[in-house]
Each structure stands twice: as C-alpha cells, then as structure tokens.
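*Asks:* One structure, as structure tokens, below. Some questions next.
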Amino acid sequence: MVAHLVRLKLTLLGNTLRRSVWHTIGLVVATLYGLSLVFLGVGAAVVGGRADPVLTGQFVTLVGSVVVLGWWVVPLFAYGLDATLDPLRFTTYAIPRRQLVAGLAAAALVSVPALVTSLAALGVSFAWASDPVALVAALAGAVLGVGLCVVGARATTALCAPLLESRRYREVLMVVAVIPLLAIGPFFAWLSSRTAARGEVTVGPDELVPSALAPAARVLAWTPFGAPWSIPAAVHDGAWGLAGARVAVAAGTLALLAVIWDRALARALVSPRGGAAAGTARGLGWFDRLPATPMGAVAARCATYWLRDPRYATSLAVVPLLPVVLVVVGVSSGSGAGLLVLVVPVVAFVLGFAVSNDVGYDNTAFALHVATGVPGRADRWGRMLPVLALGVPLVAALSVTSAGVAGRWDLLPALLGGGVGVLGATLGTSSVASARLVYPVPRPGESPFRKPQGATVATLVAQMAAVAVIVALLLPTVGAGVAAAVTGAGAWWWATGVVGVATGGAAVVIGARWGARVYERRLPELLSQVKNFA
Amino acid sequence: MTHPAVPPDTTAALSLRGLWKRFGQKIAVAGIDLDVPAGSFYGLVGPNGAGKTTALSMATGLLRPDFGTAHVLGVDLWAEPDRAKPLLGVLPDGLRLFDRLTGAQLLTYAGLLRGLDRDTVARRSEDLLAAMDLTADRDTLVVDYSAGMTKKIALAGAMIHAPRVLVLDEPFEAVDPVSAANIRDILRRYADDGGTVVVSSHVMDLVQRMCTHVAVIAGGHVLDTGTVDAVRGGQSLEDRFVDLVGGRKESGGLEWLRTSSDSS
C-alpha cells in the first residue's frame, strides 16, 4: 500500500507536469530555490559546526523549531495546499486504515517542501561531524524531526478539517490569518529592540545572537518543536539522561500525532462532507441602493463581493491593521511615528491593486458579462466605483489622522493629493490590466493564500508590468514630493498634492476609457483565458 | 463533409455557417452548418466530446470561432454583438455563477445587466423564482444551493430579459423530475408563444418527447438534422442516434461481473 500510494503521487505529479509547461517551470524553480536553501543551510551548519558545534547546534534547534511549527500551522491557512492525495478520495476503497496512514505519510514526503526539509535536516546533522556519536544522534533526530513535520502537518489539518469544511469558519479563518502574518515584522522589530535594550550598549549582531540564542534553544529543546534537533547536543555533552528525555519528547509527540491523525481520519472516512449551514442575506442589498443601470449593477455586485468574498475581504482587513503595524515598527525602530505617513499611499495602492485582476477573480462567472454583452464602460466603471467610494474618504481620513499623529500638518495637502494620486493611478492601471493581463488566482471559495500552481511566472510578469506603469504615472507626483522634502518649501507640498490629484483623476478617466476598449475587443478571449484556469 | 456555400438563413432563429474551432491539436468543431427555424424547439444531441458545448458557445458569443458565422434572427452575432446578444438568452454548462450573491440578487444582477428597469426586474424575478420553485431560497447564497437549484437559478437568469431565442446547454442535468417537468412546461409555453428554444442533451428520450427538431452532432460534424420524426424515421431517436454515431459494443465480456452465476 505504501509503495502504491507513493507511486500514485508520483504519477499525479508527472501528469500535472505533462499538462502544462508553466507547472514544470514552477516546479523546477521551486526545486532549485529549495535546493539552494538546503545548500546554504547545510554549508553554514558544516562550517559553523567545525568552529563551534554547540553554538551551531543551538542555532539548528532554533531554526528547526520554526520549521516544525511552520509545517504544523501553515497548511491550516493554506488549506488544501497539497490535497493531491485527499484521504476522502479513498473512502470507497477498502484499505485498512493503518496501511492508509502509513502510505499517506510516505506519499507526503514526495513534495518539494518535504524533500527540501528532509535534505536540510539530514545535511545540517553534519555540523556534528567532529563527534561521530553525536552525528549518529543528529541523523536520528533529523529523521524524527522530518516525521514530526510531515505527520504533524497532516494531524493538525485532519484535526481542524471539520472546522475548515464549513465555508463560513474557513472564510473567517482566512481573513483572521492575515493578522499573525502581518504581526511577524513588528514582532521581530520589538524583539530586537528588547534584546538591544537589555544589552545596554550597542552590540553587534554577532555578539547579540549568542546571548539570545542559548536561553531560547534551552527552552525550545523541551518542546516538540525543538526536541529532535537538540538530541545531538545532549549526546555531545555526554548527558545521556537528557538525550533520552529529548528523544522521548520527540518520539512521544510523533506517536501522539500519528494517533490523532489516525483517529481524525477514521472519523473523516465515515462522515461525509457538507451539511454546513447555508449563508443568507435578506433583500437585495446594494442592488437596491445603487442606480438600476448596468454600471450600477456591476458596482453593486462588486461592493457585495468586497464584503462577502474572502479574497477581497483580506485586502480590506489589511487596511485597519496597517497603521498599527507601521506605528509599532516606527516606534520600536526609533524612527518615531513619522513612518505613519506611509499609510496613506500604501492603503491607496492595496485598494486600487486589488481589482487589477478582477476578471481572474470572477473566474468563469464572467460568462454572464459576456453573454449579456455589458458595455465596456459600464463594466470598467462599475468595478472602479466601489473602490473609489471607499478609497477616497479613507485616503482623506487617513491623511488627516496621520498628519495629526505625526504632527506635520504642512504635509496634509501632499498626503491628500498624493493618496488620491496613488489610488487613481493604481485603479486606472488596474482597469486596463484586468482586461489585458489575466492570470490565475485562487478560485472563488478557495483560500486567498493558496497560490495556484504554476501561475507564479505569469503572475509575476503581469503584476510587475502593472506596477511599472503605476510607478511611471506617479513619477511627477513623487518628483514634486522630493522637491518639497529637499527645499522644505510649503509651496512644493501643495504642488505635490495638486499633481497627485491631477494624475489620479486623469488616470482613472483614461484608464476606464482605454480599459473599456480593450475589454470590448477581447471579451470572448477573456472568458477563454479564465476558462483555461479552471 | 463539404457543403456548398449556402448563405445564412435570415429568417431562422439561429443560422450557423461553417463554424470551426480548434483547441491546440484537437479540432472541437469542424465546420458546422445549422439552421434553427424560428419558433422551433430544437434539440442538439451527440456523444460526450462531440463539440456541442463548443458549438453553442460560438453561437452565443461566448467563444470566438476560428472560422464561420452565426446569425441570430438575421443579425450577425460576431459582427454586431450589441444587436444580437439582447435577442439571446444563454445557459452555459460547466461555468460558474456569481455565487456570492443570493438567488434574488443574481436574478436582479442579470436583469440589470440586460438594461431592464428596476420594477421590471423586481416583477420578473419574483415570477421566475416562483416558477423555478426557489422563492423559499431567494435569500440564500447561490454558493450554498444544490446542483439542481444552481441550474434552475441560472436558467431563470437566462430568461429574465424575455429573449427571442433561448440557448440552453444541458438544462436538465441534476434537476429533479418535478422541477424538470415544470421547466419543460415553461419552455414549451415559451416556444408556443413564438420563442425558439435550443437545448443540448444526452437524454434521447427527453429530446424525442420535447423537441420539434433535432440535430445529431459527433466528432465536430453535423450527422443529421431535421424534424424529430424525419431524423428518427420510425425508430426511436435513441436507436437512430446509436446507428448514426456508432461505437456500440456487442455486450460480451465482463462475465466475471455476473456474481449471480457463481454464487449459489
């Protein structure tokens, strides 16, 4: 059974590669990237191990802990990341569960992340090359560690699967998941400021690291995340009791995870999918409030989606978090609240760019627009209006707030105008880009964090082209802003604002008109493109 | 099959000439000529992968043909889409809907996109929800509808602007028998009042009972067209279809599947 499932996984992988060149390129790039990480990591570990195996061991424990934790947690947010062998697909076959679990675990090793983790885990063991006994312990620990990663990932997803099955919980979770991701930056800024503060004098990074490393590694060694990586250190010290305890922690956790996975699988195999409560919304919502024209209808539909579709809602969720993040980073890094003025352009950009692949987000539902022959003007303006209606007041409010908090009222005209400029330039570009450069995105109902396979290169090219245009459009505004900062003349700040508003307004109007022309010319082609993603 | 260059029939509800579409190596539709008389109830039948969906997509403006033309009541669809599309109501198969909207919102959306005014949209969507037996689910998000309900709401969306020609790709798939019967009644009444219905289906029996005309498509070609009676020529449509398309296997083999023979 184990061999069967591994072979099945390889066949499935082979078939996806045969289907699309982009998949192949994506896989090759991912593998090369992963292998380069392995190479760097192993190289650093071996070199470091020759100099100071204990310190290197502590470092490996720290990084290893993060990796294990990542394996456990990330699949929850990127639900279905690797569902090629969804256990539910085996429901109808009479496979003994124990064999199924073993087979799925082995098959789970056949993926780029698992391969990279395994190679890296085994490779960094050679940090202990100077001590053969510790080396053996390290290799054994690495096997345990990889097991914890792979089985742990399956166990946590299987455990949370009933929760994730329900559409509503899943969507809430997806939006909430943005928060910890955004918090990572400020957390590290805070951490480094704390450590720096404790060191009183400014310490170089090479001295700072060991001082924080040893206690962290000591604590982590007792957790399931760090235990497998800290076994060789105990062996190296000759502390056999300690080594045994760490093996027990790691192996015990692994066994526990296997049991959890097995139980969850047993439950999943007998309880079919579905049965979640259906979502409802009374009345017609935005359709009643906006004009009864095609343009009004598109705007109403987009406004509804901004609130109801997690793929858009995550863009909105970023908006209130961003000022918090910037203030924390600004204060902790010592640059003060001045960083807050960045909120305005960044929020404007996030909002405007969220519609840069709107047809891709529609997916094949876009067929309705094709069949009804919505005029390009109505489609383009309809998609932009909700963003403008939300974005312009938001830019204004954030400009006033951030100017006030930063105590720089002289910046207000530039912030207001610049914000409108960024919003308009981004929206106008998005309006053309979404009719011209469609690329695969998570399908409706999928996690917004799930990157469609093989889309990476196409996505990158499309987004870079759009960003390049936006930057070019904003050059005059930025130029005026730089002049203002250099000369310090208030008139330049006003000029920045005026140029920004003019750029934004012109970009929206021209973008809508040009976008409408491209849209009308490529209507069926757009549909064919999104159909190929599905 | 080669055809003489017959000009499109401008009185026909749908007149296709030399439609041709290739996807990569595969020729999905290889020169289809078809005239759907106005007021007919037209069935399009063919085996899986025959090119039905591709042909209908090209006839309704969803897919640009490599070659060929499609006229809707004498209007060239690909030359004047703005004049032709209002005449058509389209139910595509296998495509998504804007399923984050409720049923009522989706109908409203379709109506407003067609340029109807608010009152007309409100009145017609009530009627359609009632006719499709979806009134109780009007405020439920379409994403939470069952497959049959989704089909029905999509069908309602295709009819809200009272099109002259309805083109429905697999309209009865996943629809329960009661709803299917209701939908058939609605479509028949619509055809009796001068509307034209084009349906594609796998269910021969249904096409034989419901349609006035039929076209058999296989391998991207039209094998036979005409009134249902003319095409089936005395046999059942199903037998005639199998004759035309071929590929029927003598039911030998699979002896081991007869569990009754060696048990007891």
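In the structure tokens, chains take letters A, B, ... by order of appearance, with residues numbered from 1 within each chain and ligands from 1 in the order shown.
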Leaving out stretch 147-156 of chain B and any residue of its chain fewer than 5 positions from it, which residues lie within 6 Å of it when counting only C-alpha atoms, given as a list in words?

*Replies:*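 The residues satisfying every condition are Leu91, Leu128, Ala174 and Val175 of chain B.
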
*Asks:* For chain A versus chain B, which residues have an atom no more than 9 Å away, and what is each residue's nearest atom pair and distance in Å rounded to one decimal, using only C-alpha atoms, chain-then-number order, as a Markdown table?

*Replies:*
```
| residue | atom | partner | partner_atom | distance |
| --- | --- | --- | --- | --- |
| A:Ala276 | CA | B:Asp144 | CA | 8.9 |
| A:Ala277 | CA | B:Asp144 | CA | 8.4 |
| A:Ala278 | CA | B:Asp144 | CA | 5.4 |
| A:Gly279 | CA | B:Leu141 | CA | 5.6 |
| A:Thr280 | CA | B:Thr140 | CA | 4.2 |
| A:Ala281 | CA | B:Asp139 | CA | 5.3 |
| A:Arg282 | CA | B:Asp139 | CA | 5.3 |
| A:Gly283 | CA | B:Asp139 | CA | 6.8 |
| A:Leu284 | CA | B:Gln105 | CA | 5.5 |
| A:Gly285 | CA | B:Gln105 | CA | 8.0 |
| A:Phe287 | CA | B:Gln105 | CA | 7.2 |
| A:Asp288 | CA | B:Arg118 | CA | 8.7 |
| A:Pro291 | CA | B:Arg118 | CA | 8.7 |
| A:Ala292 | CA | B:Arg118 | CA | 5.7 |
| A:Thr293 | CA | B:Leu112 | CA | 5.8 |
| A:Pro294 | CA | B:Leu113 | CA | 4.4 |
| A:Met295 | CA | B:Leu113 | CA | 7.8 |
| A:Gly296 | CA | B:Leu112 | CA | 8.3 |
| A:Ala297 | CA | B:Tyr109 | CA | 5.9 |
| A:Val298 | CA | B:Leu113 | CA | 7.7 |
| A:Ala300 | CA | B:Tyr109 | CA | 8.6 |
| A:Arg301 | CA | B:Tyr109 | CA | 7.4 |
| A:Thr304 | CA | B:Leu101 | CA | 7.6 |
| A:Tyr305 | CA | B:Arg100 | CA | 6.8 |
| A:Arg308 | CA | B:Arg100 | CA | 6.7 |
| A:Asp309 | CA | B:Arg100 | CA | 7.0 |
| A:Asp362 | CA | B:Phe98 | CA | 7.4 |
| A:Asn363 | CA | B:Arg96 | CA | 7.3 |
| A:Thr364 | CA | B:Arg96 | CA | 5.2 |
| A:Ala365 | CA | B:Leu97 | CA | 4.4 |
| A:Phe366 | CA | B:Leu97 | CA | 7.9 |
| A:Ala367 | CA | B:Leu62 | CA | 6.9 |
| A:Leu368 | CA | B:Ala110 | CA | 7.4 |
| A:His369 | CA | B:Leu113 | CA | 7.7 |
| A:Val370 | CA | B:Leu62 | CA | 6.2 |
| A:Ala371 | CA | B:Leu62 | CA | 6.3 |
| A:Thr372 | CA | B:Arg114 | CA | 5.9 |
| A:Gly373 | CA | B:Lys85 | CA | 6.3 |
| A:Val374 | CA | B:Leu113 | CA | 6.2 |
| A:Pro375 | CA | B:Asp82 | CA | 8.5 |
| A:Pro444 | CA | B:Asp99 | CA | 8.5 |
| A:Gly445 | CA | B:Val143 | CA | 8.7 |
| A:Leu523 | CA | B:Leu62 | CA | 8.2 |
| A:Pro524 | CA | B:Leu63 | CA | 5.3 |
| A:Glu525 | CA | B:Leu63 | CA | 7.3 |
| A:Leu527 | CA | B:Leu62 | CA | 7.2 |
| A:Ser528 | CA | B:Leu63 | CA | 7.0 |
| A:Lys531 | CA | B:Leu95 | CA | 8.0 |
```

*Asks:* Tell me, in Å to one decimal, how far atom CA of A:Cys302 is from atom CA of A:Met384.

*Replies:*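 For atom CA of A:Cys302 relative to atom CA of A:Met384, the distance reads 8.8 Å.
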
*Asks:* Write out as JSON, numbers by chain all residues of stretch 404-451 of chain A that DSSP puts in helix (DSSP H, G or I) for this structure's backbone.

*Replies:* {"A": [404, 405, 406, 409, 410, 411, 412, 413, 414, 415, 416, 417, 418, 419, 420, 421, 422, 423, 424, 425, 426, 427, 428, 429, 430, 431, 432, 433, 434, 435, 436]}

*Asks:* Could you tell me, as number ranges by chain, which residues of stretch 2-222 of chain B DSSP assigns to strand (DSSP E or B) when given the backbone?

*Replies:* B: 14-23, 26-36, 41-45, 67-72, 75-76, 88-91, 102, 140-141, 165-169, 196-201, 213-218, 221-222
